[in-house]
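Asks: Mind having a look at this structure? Questions to follow.
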There are 2 protein chains.
Amino acid sequence: MLKIVILGFLSYRPQTGYELKQNIDHSTKYFWSAKQSQIYRTLKQLEKNGLLVSTIEPQEDRPDRRVYTITEAGMKEFTEWLEKPIMDAQYLRDSLLVKVFFSAYSEKEDILTQLRLQHSLAHTEYIRLSEELKQGLTENQANLPDSPLFNNTFLLWENVRQFGEMYYEMVQKWLEQTIQSIEENYIEEKME
Amino acid sequence: MLKIVILGFLSYRPQTGYELKQNIDHSTKYFWSAKQSQIYRTLKQLEKNGLLVSTIEPQEDRPDRRVYTITEAGMKEFTEWLEKPIMDAQYLRDSLLVKVFFSAYSEKEDILTQLRLQHSLAHTEYIRLSEELKQGLTENQANLPDSPLFNNTFLLWENVRQFGEMYYEMVQKWLEQTIQSIEENYIEEKME
DNA sequence: TATAACATGTAACTAGTTACATGATTGG
DNA sequence: CCAATCATGTAACTAGTTACATGTTATA
């Protein structure tokens, strides 16, 4: 999947691993994140398979940049993935839910503290992401030419942004009602 | 993380790999899923590290069962994980959002078909999971003794179930509004 | 007669995380 | 002077997926 994300960003314009990391952190991060080391490794692999080519741009006062460009084969791989429908339901992978699920061994106040912490983390994270998404959008606005492709891109990005907004709102609401439910009904008692 | 899920289920009662797979599929699946092969591999590893022990129960008309029991060290590892707060925000990993994000290269009808398909998949999946969760709850109700621990467990499971419900409702709402937004605003035009 | 449920596992591959490693420039 | 930004990468480890492999019994 990271391959697709990388091919997707490179379909807009050639970029370095460093720039790809910024792009991911400012836009796809909340639904597909990646570590720097994995980005570089995947770039190398994609180049080996002929989906990308790289050239080194020497710089005087900074380290040289390795700029990756998507090839025709890469573009083909990418559009073929786009055309192939996703046939299965998406599942979450959320360690907080695992923790709540098994927390009957924990004390009431510890669970509540954990839930309140996540409430505050999610809030901070949402503010940060909204700003970075806006920033990412305007940055890319400067780099993409005005066209139907451009207009459609922004329409889709706005819808994806809304998913993030709705998701964070839902999570906050769930945290609030769960905190209340535990405050009212969790039986406080040393179990071991 | 799968380690924790396995230790958690084994903290209730000894179980085989096969039973663990059923348990996961009927309860934690939508927030932490695992394939059969990975469950067996993780069990082996946990036993090697002394967190579990296994005994073979011979059966006459069926293959023998390898029943895993959590050790004191395993219980310690598990409760230590429970006590350690999760300090970072949770991110999604959703290939549908990746697809929508990059779909400006696709034709209007193809995107709409994909979104409508996901709407129907999520619906079916939600119905299935609700039933399996109910089933999983009653099964475990039969196996856990009635106590404060038991009552707290069911309170927490009900809250986790509600997360699933709210999540699926949110996704459906987002799919509907996104379909509408694309129907109304996506510019239909051959781009290449 | 076919398939679902019971039951266990391995092999090969793909993906992701953590930690290490280097080094210049700019701004506070 | 310290932290941030720019810039690239490797090594070791951990986790997850796909496919292969075997075999019985009950039920529809």
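We label chains A, B, ... in the order they appear in the structure tokens, count residues from 1 in each chain, and number ligands from 1 in the order shown.
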Only residues of chain A matter here; which ones have an atom within 8 Å of chain D, counting only C-alpha atoms (C1' of nucleotides)? Give them as a ChimeraX atom specification.

Replies: /A:18,40,62-65

Asks: Can you work out which residues from chain C touch chain B at a cut-off of 12 Å (counting only C-alpha atoms (C1' of nucleotides)) and hand them back as a PyMOL selection string?

Replies: chain C and resi 5-11

Asks: Once you have the residues from the selection above, write them out as a PDB file, in the first residue's frame, restricted to C-alpha atoms (C1' of nucleotides).

Replies:
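And here's again-v7.pdb as it stands now:
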ATOM      1  C1'  DA C   5     -16.620 -27.584  11.713  1.00  0.00           C
ATOM      2  C1'  DC C   6     -12.850 -29.359  14.165  1.00  0.00           C
ATOM      3  C1'  DA C   7      -7.734 -29.166  14.606  1.00  0.00           C
ATOM      4  C1'  DT C   8      -2.697 -28.081  13.634  1.00  0.00           C
ATOM      5  C1'  DG C   9       0.980 -26.488  11.459  1.00  0.00           C
ATOM      6  C1'  DT C  10       5.061 -24.689   7.869  1.00  0.00           C
ATOM      7  C1'  DA C  11       7.300 -21.745   4.142  1.00  0.00           C
TER       8       DA C  11
END

Asks: DSSP on the backbone: which residues in chain B end up as alpha helix (DSSP H)? Give the answer as a ChimeraX atom specification.

Replies: /B:2-12,17-23,36-48,72-83,95-101,108-143,148-185

Asks: Using C-alpha atoms, can you export the residues from the last selection as a tab-separated table (two decimals), in the first residue's frame?

Replies:
chain	number	residue	atom	x	y	z
B	2	LEU	CA	-1.47	-9.71	19.07
B	3	LYS	CA	0.56	-11.08	21.98
B	4	ILE	CA	-1.51	-8.97	24.35
B	5	VAL	CA	-4.79	-10.04	22.78
B	6	ILE	CA	-3.80	-13.70	23.14
B	7	LEU	CA	-2.62	-13.27	26.74
B	8	GLY	CA	-5.87	-11.43	27.47
B	9	PHE	CA	-8.10	-14.22	26.20
B	10	LEU	CA	-5.99	-16.86	27.92
B	11	SER	CA	-6.28	-14.94	31.20
B	12	TYR	CA	-9.97	-15.95	31.24
B	17	GLY	CA	-5.23	-21.82	18.89
B	18	TYR	CA	-8.43	-22.70	17.15
B	19	GLU	CA	-10.60	-21.34	19.97
B	20	LEU	CA	-8.52	-18.17	20.11
B	21	LYS	CA	-9.17	-17.62	16.42
B	22	GLN	CA	-12.94	-17.96	17.03
B	23	ASN	CA	-12.79	-15.58	19.97
B	36	GLN	CA	-4.81	-18.27	11.86
B	37	SER	CA	-1.17	-18.76	10.86
B	38	GLN	CA	-0.06	-15.76	12.85
B	39	ILE	CA	-1.94	-16.90	15.94
B	40	TYR	CA	-0.16	-20.27	15.93
B	41	ARG	CA	3.21	-18.62	15.36
B	42	THR	CA	2.67	-16.14	18.18
B	43	LEU	CA	1.55	-18.89	20.55
B	44	LYS	CA	4.76	-20.79	19.86
B	45	GLN	CA	6.81	-17.68	20.52
B	46	LEU	CA	4.96	-16.86	23.75
B	47	GLU	CA	5.55	-20.39	24.98
B	48	LYS	CA	9.25	-20.15	24.11
B	72	GLU	CA	2.50	-16.18	36.13
B	73	ALA	CA	5.10	-14.47	33.95
B	74	GLY	CA	2.48	-14.19	31.20
B	75	MET	CA	-0.04	-12.68	33.57
B	76	LYS	CA	2.60	-10.21	34.75
B	77	GLU	CA	3.45	-9.18	31.18
B	78	PHE	CA	-0.23	-8.69	30.46
B	79	THR	CA	-1.11	-6.60	33.54
B	80	GLU	CA	2.02	-4.50	33.05
B	81	TRP	CA	0.86	-3.68	29.55
B	82	LEU	CA	-2.59	-2.77	30.89
B	83	GLU	CA	-1.08	-0.40	33.44
B	95	SER	CA	-6.92	1.69	1.77
B	96	LEU	CA	-10.33	3.02	0.71
B	97	LEU	CA	-9.29	6.51	1.78
B	98	VAL	CA	-6.05	6.12	-0.16
B	99	LYS	CA	-8.10	5.21	-3.19
B	100	VAL	CA	-10.43	8.18	-2.86
B	101	PHE	CA	-7.50	10.52	-2.22
B	108	LYS	CA	-16.74	9.46	-12.21
B	109	GLU	CA	-18.77	6.28	-12.55
B	110	ASP	CA	-15.88	4.09	-11.39
B	111	ILE	CA	-15.43	6.08	-8.20
B	112	LEU	CA	-19.16	6.04	-7.51
B	113	THR	CA	-19.32	2.28	-8.09
B	114	GLN	CA	-16.47	1.76	-5.64
B	115	LEU	CA	-18.13	3.91	-2.97
B	116	ARG	CA	-21.50	2.22	-3.41
B	117	LEU	CA	-19.82	-1.18	-3.13
B	118	GLN	CA	-18.17	-0.17	0.14
B	119	HIS	CA	-21.50	1.10	1.42
B	120	SER	CA	-23.04	-2.28	0.86
B	121	LEU	CA	-20.02	-4.20	2.20
B	122	ALA	CA	-19.95	-2.13	5.39
B	123	HIS	CA	-23.64	-2.76	5.91
B	124	THR	CA	-23.36	-6.55	5.54
B	125	GLU	CA	-20.25	-6.58	7.68
B	126	TYR	CA	-21.92	-4.56	10.43
B	127	ILE	CA	-24.92	-6.88	10.60
B	128	ARG	CA	-22.61	-9.91	10.71
B	129	LEU	CA	-20.39	-8.43	13.41
B	130	SER	CA	-23.28	-7.33	15.62
B	131	GLU	CA	-24.59	-10.87	15.64
B	132	GLU	CA	-21.19	-12.44	16.25
B	133	LEU	CA	-20.48	-9.99	19.05
B	134	LYS	CA	-23.74	-10.87	20.76
B	135	GLN	CA	-22.92	-14.56	20.33
B	136	GLY	CA	-19.39	-14.04	21.66
B	137	LEU	CA	-20.73	-12.22	24.69
B	138	THR	CA	-23.20	-14.94	25.65
B	139	GLU	CA	-20.57	-17.65	25.08
B	140	ASN	CA	-18.18	-15.90	27.42
B	141	GLN	CA	-20.97	-15.20	29.86
B	142	ALA	CA	-21.27	-18.97	30.22
B	143	ASN	CA	-17.53	-19.33	30.88
B	148	PRO	CA	-17.42	-7.71	40.02
B	149	LEU	CA	-14.72	-8.68	37.51
B	150	PHE	CA	-17.40	-10.24	35.36
B	151	ASN	CA	-19.72	-7.24	35.61
B	152	ASN	CA	-16.94	-4.80	34.78
B	153	THR	CA	-15.88	-6.93	31.83
B	154	PHE	CA	-19.35	-6.76	30.33
B	155	LEU	CA	-19.61	-3.04	30.93
B	156	LEU	CA	-16.35	-2.50	29.04
B	157	TRP	CA	-17.29	-4.89	26.23
B	158	GLU	CA	-20.55	-3.06	25.76
B	159	ASN	CA	-18.66	0.21	25.41
B	160	VAL	CA	-16.28	-1.30	22.87
B	161	ARG	CA	-19.25	-2.68	20.95
B	162	GLN	CA	-20.71	0.82	20.87
B	163	PHE	CA	-17.49	2.10	19.31
B	164	GLY	CA	-18.02	-0.37	16.48
B	165	GLU	CA	-21.59	0.74	16.06
B	166	MET	CA	-20.72	4.43	16.01
B	167	TYR	CA	-17.83	3.84	13.65
B	168	TYR	CA	-19.90	1.95	11.10
B	169	GLU	CA	-22.65	4.56	11.27
B	170	MET	CA	-20.14	7.33	10.70
B	171	VAL	CA	-18.57	5.52	7.75
B	172	GLN	CA	-21.97	4.98	6.15
B	173	LYS	CA	-22.86	8.64	6.58
B	174	TRP	CA	-19.53	9.69	5.08
B	175	LEU	CA	-19.97	7.35	2.11
B	176	GLU	CA	-23.43	8.77	1.46
B	177	GLN	CA	-22.35	12.39	1.58
B	178	THR	CA	-19.25	11.67	-0.50
B	179	ILE	CA	-21.30	9.90	-3.16
B	180	GLN	CA	-23.59	12.92	-3.28
B	181	SER	CA	-20.70	15.36	-3.40
B	182	ILE	CA	-19.10	13.50	-6.33
B	183	GLU	CA	-22.40	13.11	-8.17
B	184	GLU	CA	-22.92	16.85	-7.97
B	185	ASN	CA	-19.42	18.27	-8.39

Asks: Do a neighbour search on Tyr68 of chain A at 6 Å with only C-alpha atoms (C1' of nucleotides), toss out local chain neighbours closer than 6 positions, and write the hits as JSON, numbers by chain.

Replies: {"A": [14, 15, 16, 53, 54]}

Asks: Take atom C1' of DT14 of chain C and atom CA of Trp32 of chain B and report the distance between them in Å, one decimal.

Replies: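 Those two atoms sit 19.4 Å apart.
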
Asks: Kindly give the distance, in Å, that separates atom C1' of DT26 of chain C and atom CA of Lys29 of chain A, rounded to a single decimal.

Replies: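 Going from atom C1' of DT26 of chain C over to atom CA of Lys29 of chain A covers 27.8 Å.
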
Asks: DSSP says strand (DSSP E) for which residues of segment 4-187 of chain B? Put them as a list in words?

Replies: Gln15, Thr16, Leu52, Val53, Ser54, Thr55, Ile56, Glu57, Arg65, Arg66, Val67, Tyr68, Thr69 and Ile70 of chain B

Asks: Point out the residue among A:Leu92, A:Glu189, A:Ser147, A:Met87 with the least atom-to-atom distance to chain B, counting only C-alpha atoms.

Replies: A:Leu92
